[in-house]
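Undergrad: Here it is, the structure in full.
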Amino acid sequence: DGERVTAPGIAVGEAVDTTGAGDLLVSAYIWAELRGATPEERLRWAVLYSALSVKTPTAVGGAVTEERLLDEGERLGLSLPAAI
């Protein structure tokens with residue numbers, strides 16, 4: 001509706017591999033949208049997933065699991081999105 005939405009960055013320390021971080025940000029935003037999250041919550045989940053991704057050699061090890069994303073989100077106080 002034309003409202004600007006922001007989310008704080010997440011400190012990750014030294015990045016191991018930034019491959020796909022932008023792609024994973026977009027995928028997490030869509031993941032949260034499909035589960036009914038608000039625009040701000042979508043962006044917060046997306047930023048979190050992208051931040052977690054740079055701490056893993058994504059290109060050879062795969063993306064962070066949904067279980068880890070949910071655990072980290074809960075630790076940060078994010079509302080858990082509904083399952084689909």
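Each chain in the structure tokens gets a letter, A, B and so on, in the order shown; residues start at 1 in every chain, and ligands are counted from 1 in the order they appear.
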Taking 4 positions as the minimum chain separation for residues in the same chain, which residues sit within 10 Å of Leu25 of chain A when counting only C-alpha atoms? Answer as a compact mmCIF listing (two decimals) with N, CA, C and O atoms, in the first residue's frame.
TA:
# COMPACT_ATOMS: atom_id res chain seq x y z
N GLY A 20 24.73 -16.55 -3.34
CA GLY A 20 23.29 -16.76 -3.22
C GLY A 20 22.60 -16.00 -2.12
O GLY A 20 21.39 -16.17 -1.92
N ALA A 21 23.29 -15.14 -1.39
CA ALA A 21 22.67 -14.43 -0.27
C ALA A 21 21.47 -13.59 -0.71
O ALA A 21 20.43 -13.56 -0.05
N TYR A 29 11.66 -14.02 1.84
CA TYR A 29 10.57 -13.04 1.83
C TYR A 29 9.30 -13.69 1.29
O TYR A 29 8.22 -13.57 1.89
N ILE A 30 9.42 -14.42 0.21
CA ILE A 30 8.26 -15.10 -0.38
C ILE A 30 7.76 -16.20 0.55
O ILE A 30 6.55 -16.37 0.74
N TRP A 31 8.67 -16.94 1.16
CA TRP A 31 8.32 -17.98 2.13
C TRP A 31 7.45 -17.40 3.24
O TRP A 31 6.42 -17.96 3.59
N ARG A 42 8.01 -10.21 7.01
CA ARG A 42 8.60 -10.83 5.82
C ARG A 42 10.03 -10.37 5.64
O ARG A 42 10.94 -11.17 5.39
N LEU A 43 10.21 -9.06 5.74
CA LEU A 43 11.54 -8.49 5.54
C LEU A 43 12.49 -8.93 6.64
O LEU A 43 13.65 -9.26 6.37
N ARG A 44 12.03 -9.00 7.87
CA ARG A 44 12.89 -9.45 8.97
C ARG A 44 13.31 -10.90 8.79
O ARG A 44 14.47 -11.26 9.02
N TRP A 45 12.38 -11.77 8.36
CA TRP A 45 12.74 -13.17 8.09
C TRP A 45 13.74 -13.24 6.93
O TRP A 45 14.69 -14.02 6.96
N ALA A 46 13.52 -12.42 5.91
CA ALA A 46 14.41 -12.42 4.74
C ALA A 46 15.82 -11.98 5.11
O ALA A 46 16.81 -12.60 4.70
N VAL A 47 15.93 -10.92 5.90
CA VAL A 47 17.24 -10.43 6.33
C VAL A 47 17.93 -11.50 7.18
O VAL A 47 19.14 -11.74 7.03
N LEU A 48 17.19 -12.15 8.06
CA LEU A 48 17.76 -13.20 8.89
C LEU A 48 18.30 -14.35 8.04
O LEU A 48 19.42 -14.80 8.22
N TYR A 49 17.51 -14.82 7.10
CA TYR A 49 17.93 -15.95 6.27
C TYR A 49 19.17 -15.60 5.45
O TYR A 49 20.11 -16.39 5.34
N SER A 50 19.18 -14.40 4.91
CA SER A 50 20.33 -13.96 4.15
C SER A 50 21.58 -13.88 5.04
O SER A 50 22.66 -14.30 4.63
N ALA A 51 21.41 -13.37 6.26
CA ALA A 51 22.53 -13.27 7.19
C ALA A 51 23.06 -14.66 7.57
O ALA A 51 24.27 -14.88 7.60
N SER A 53 22.88 -17.27 5.80
CA SER A 53 23.46 -17.93 4.62
C SER A 53 24.93 -17.63 4.42
O SER A 53 25.66 -18.46 3.89
Undergrad: Please identify which residues in chain A DSSP calls alpha helix (DSSP H) from the backbone, and express them as number ranges by chain.
TA: A: 21-34, 39-53, 58-61, 66-75
Undergrad: Considering only C-alpha atoms, tabulate each residue of segment 17-58 of chain A that lies at most 7 Å from segment 65-83 of chain A along with its nearest interatomic pair and the corresponding distance in Å to one decimal; arrange the rows by chain and ascending residue number and present them as JSON lines.
TA:
{"residue": "A:Ala32", "atom": "CA", "partner": "A:Pro81", "partner_atom": "CA", "distance": 6.5}
{"residue": "A:Arg35", "atom": "CA", "partner": "A:Ala82", "partner_atom": "CA", "distance": 5.1}
{"residue": "A:Gly36", "atom": "CA", "partner": "A:Pro81", "partner_atom": "CA", "distance": 6.7}
{"residue": "A:Ala37", "atom": "CA", "partner": "A:Pro81", "partner_atom": "CA", "distance": 6.0}
{"residue": "A:Tyr49", "atom": "CA", "partner": "A:Leu69", "partner_atom": "CA", "distance": 6.4}
Undergrad: Please, could you write that set of residues out with all heavy atoms as a compact mmCIF listing (two decimals), in the first residue's frame?
TA:
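Saved to result-v1.txt:
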# COMPACT_ATOMS: atom_id res chain seq x y z
N ALA A 32 7.86 -16.27 3.79
CA ALA A 32 7.09 -15.63 4.88
C ALA A 32 5.77 -15.06 4.36
O ALA A 32 4.75 -15.13 5.05
CB ALA A 32 7.94 -14.55 5.54
N ARG A 35 3.08 -17.57 4.11
CA ARG A 35 2.61 -17.99 5.42
C ARG A 35 1.85 -16.88 6.16
O ARG A 35 1.56 -17.01 7.33
CB ARG A 35 3.79 -18.49 6.25
CG ARG A 35 4.26 -19.85 5.76
CD ARG A 35 5.67 -20.17 6.19
NE ARG A 35 6.04 -21.52 5.78
CZ ARG A 35 6.36 -21.88 4.55
NH1 ARG A 35 6.35 -21.00 3.60
NH2 ARG A 35 6.68 -23.11 4.26
N GLY A 36 1.56 -15.80 5.45
CA GLY A 36 0.72 -14.75 6.02
C GLY A 36 1.42 -13.72 6.88
O GLY A 36 0.75 -12.96 7.59
N ALA A 37 2.73 -13.65 6.83
CA ALA A 37 3.47 -12.66 7.63
C ALA A 37 3.22 -11.25 7.10
O ALA A 37 2.97 -11.06 5.91
CB ALA A 37 4.97 -12.97 7.60
N TYR A 49 17.51 -14.82 7.10
CA TYR A 49 17.93 -15.95 6.27
C TYR A 49 19.17 -15.60 5.45
O TYR A 49 20.11 -16.39 5.34
CB TYR A 49 16.79 -16.40 5.36
CG TYR A 49 16.96 -17.76 4.76
CD1 TYR A 49 17.33 -18.85 5.53
CD2 TYR A 49 16.74 -17.98 3.41
CE1 TYR A 49 17.47 -20.12 4.98
CE2 TYR A 49 16.87 -19.24 2.85
CZ TYR A 49 17.24 -20.31 3.65
OH TYR A 49 17.38 -21.56 3.11
Undergrad: Could you state the separation of atom CA of Val16 of chain A and atom CA of Val54 of chain A in Å, given to one decimal place?
TA: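 Going from atom CA of Val16 of chain A over to atom CA of Val54 of chain A, I get 5.7 Å.
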Undergrad: Of the candidates A:Gly22, A:Pro57, A:Gly62, A:Pro39, which shows the shortest atom-to-atom distance to Arg4 of chain A, using only C-alpha atoms?
TA: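 Using only C-alpha atoms, Arg4 of chain A sits closest to A:Pro39.
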Undergrad: When you draw a straight line from atom CA of Thr18 of chain A to atom CA of Thr58 of chain A, how long is it in Å?
TA: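 These two atoms are separated by 7.7 Å.
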Undergrad: Using only C-alpha atoms, which residue out of A:Val64, A:Ala28, A:Val5, A:Leu34 lies closest to Leu52 of chain A?
TA: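 For Leu52 of chain A, the nearest of the candidates is A:Val64.
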Undergrad: One number please: atom CA of Thr56 of chain A to atom CA of Glu40 of chain A, in Å, one decimal.
TA: 25.3 Å
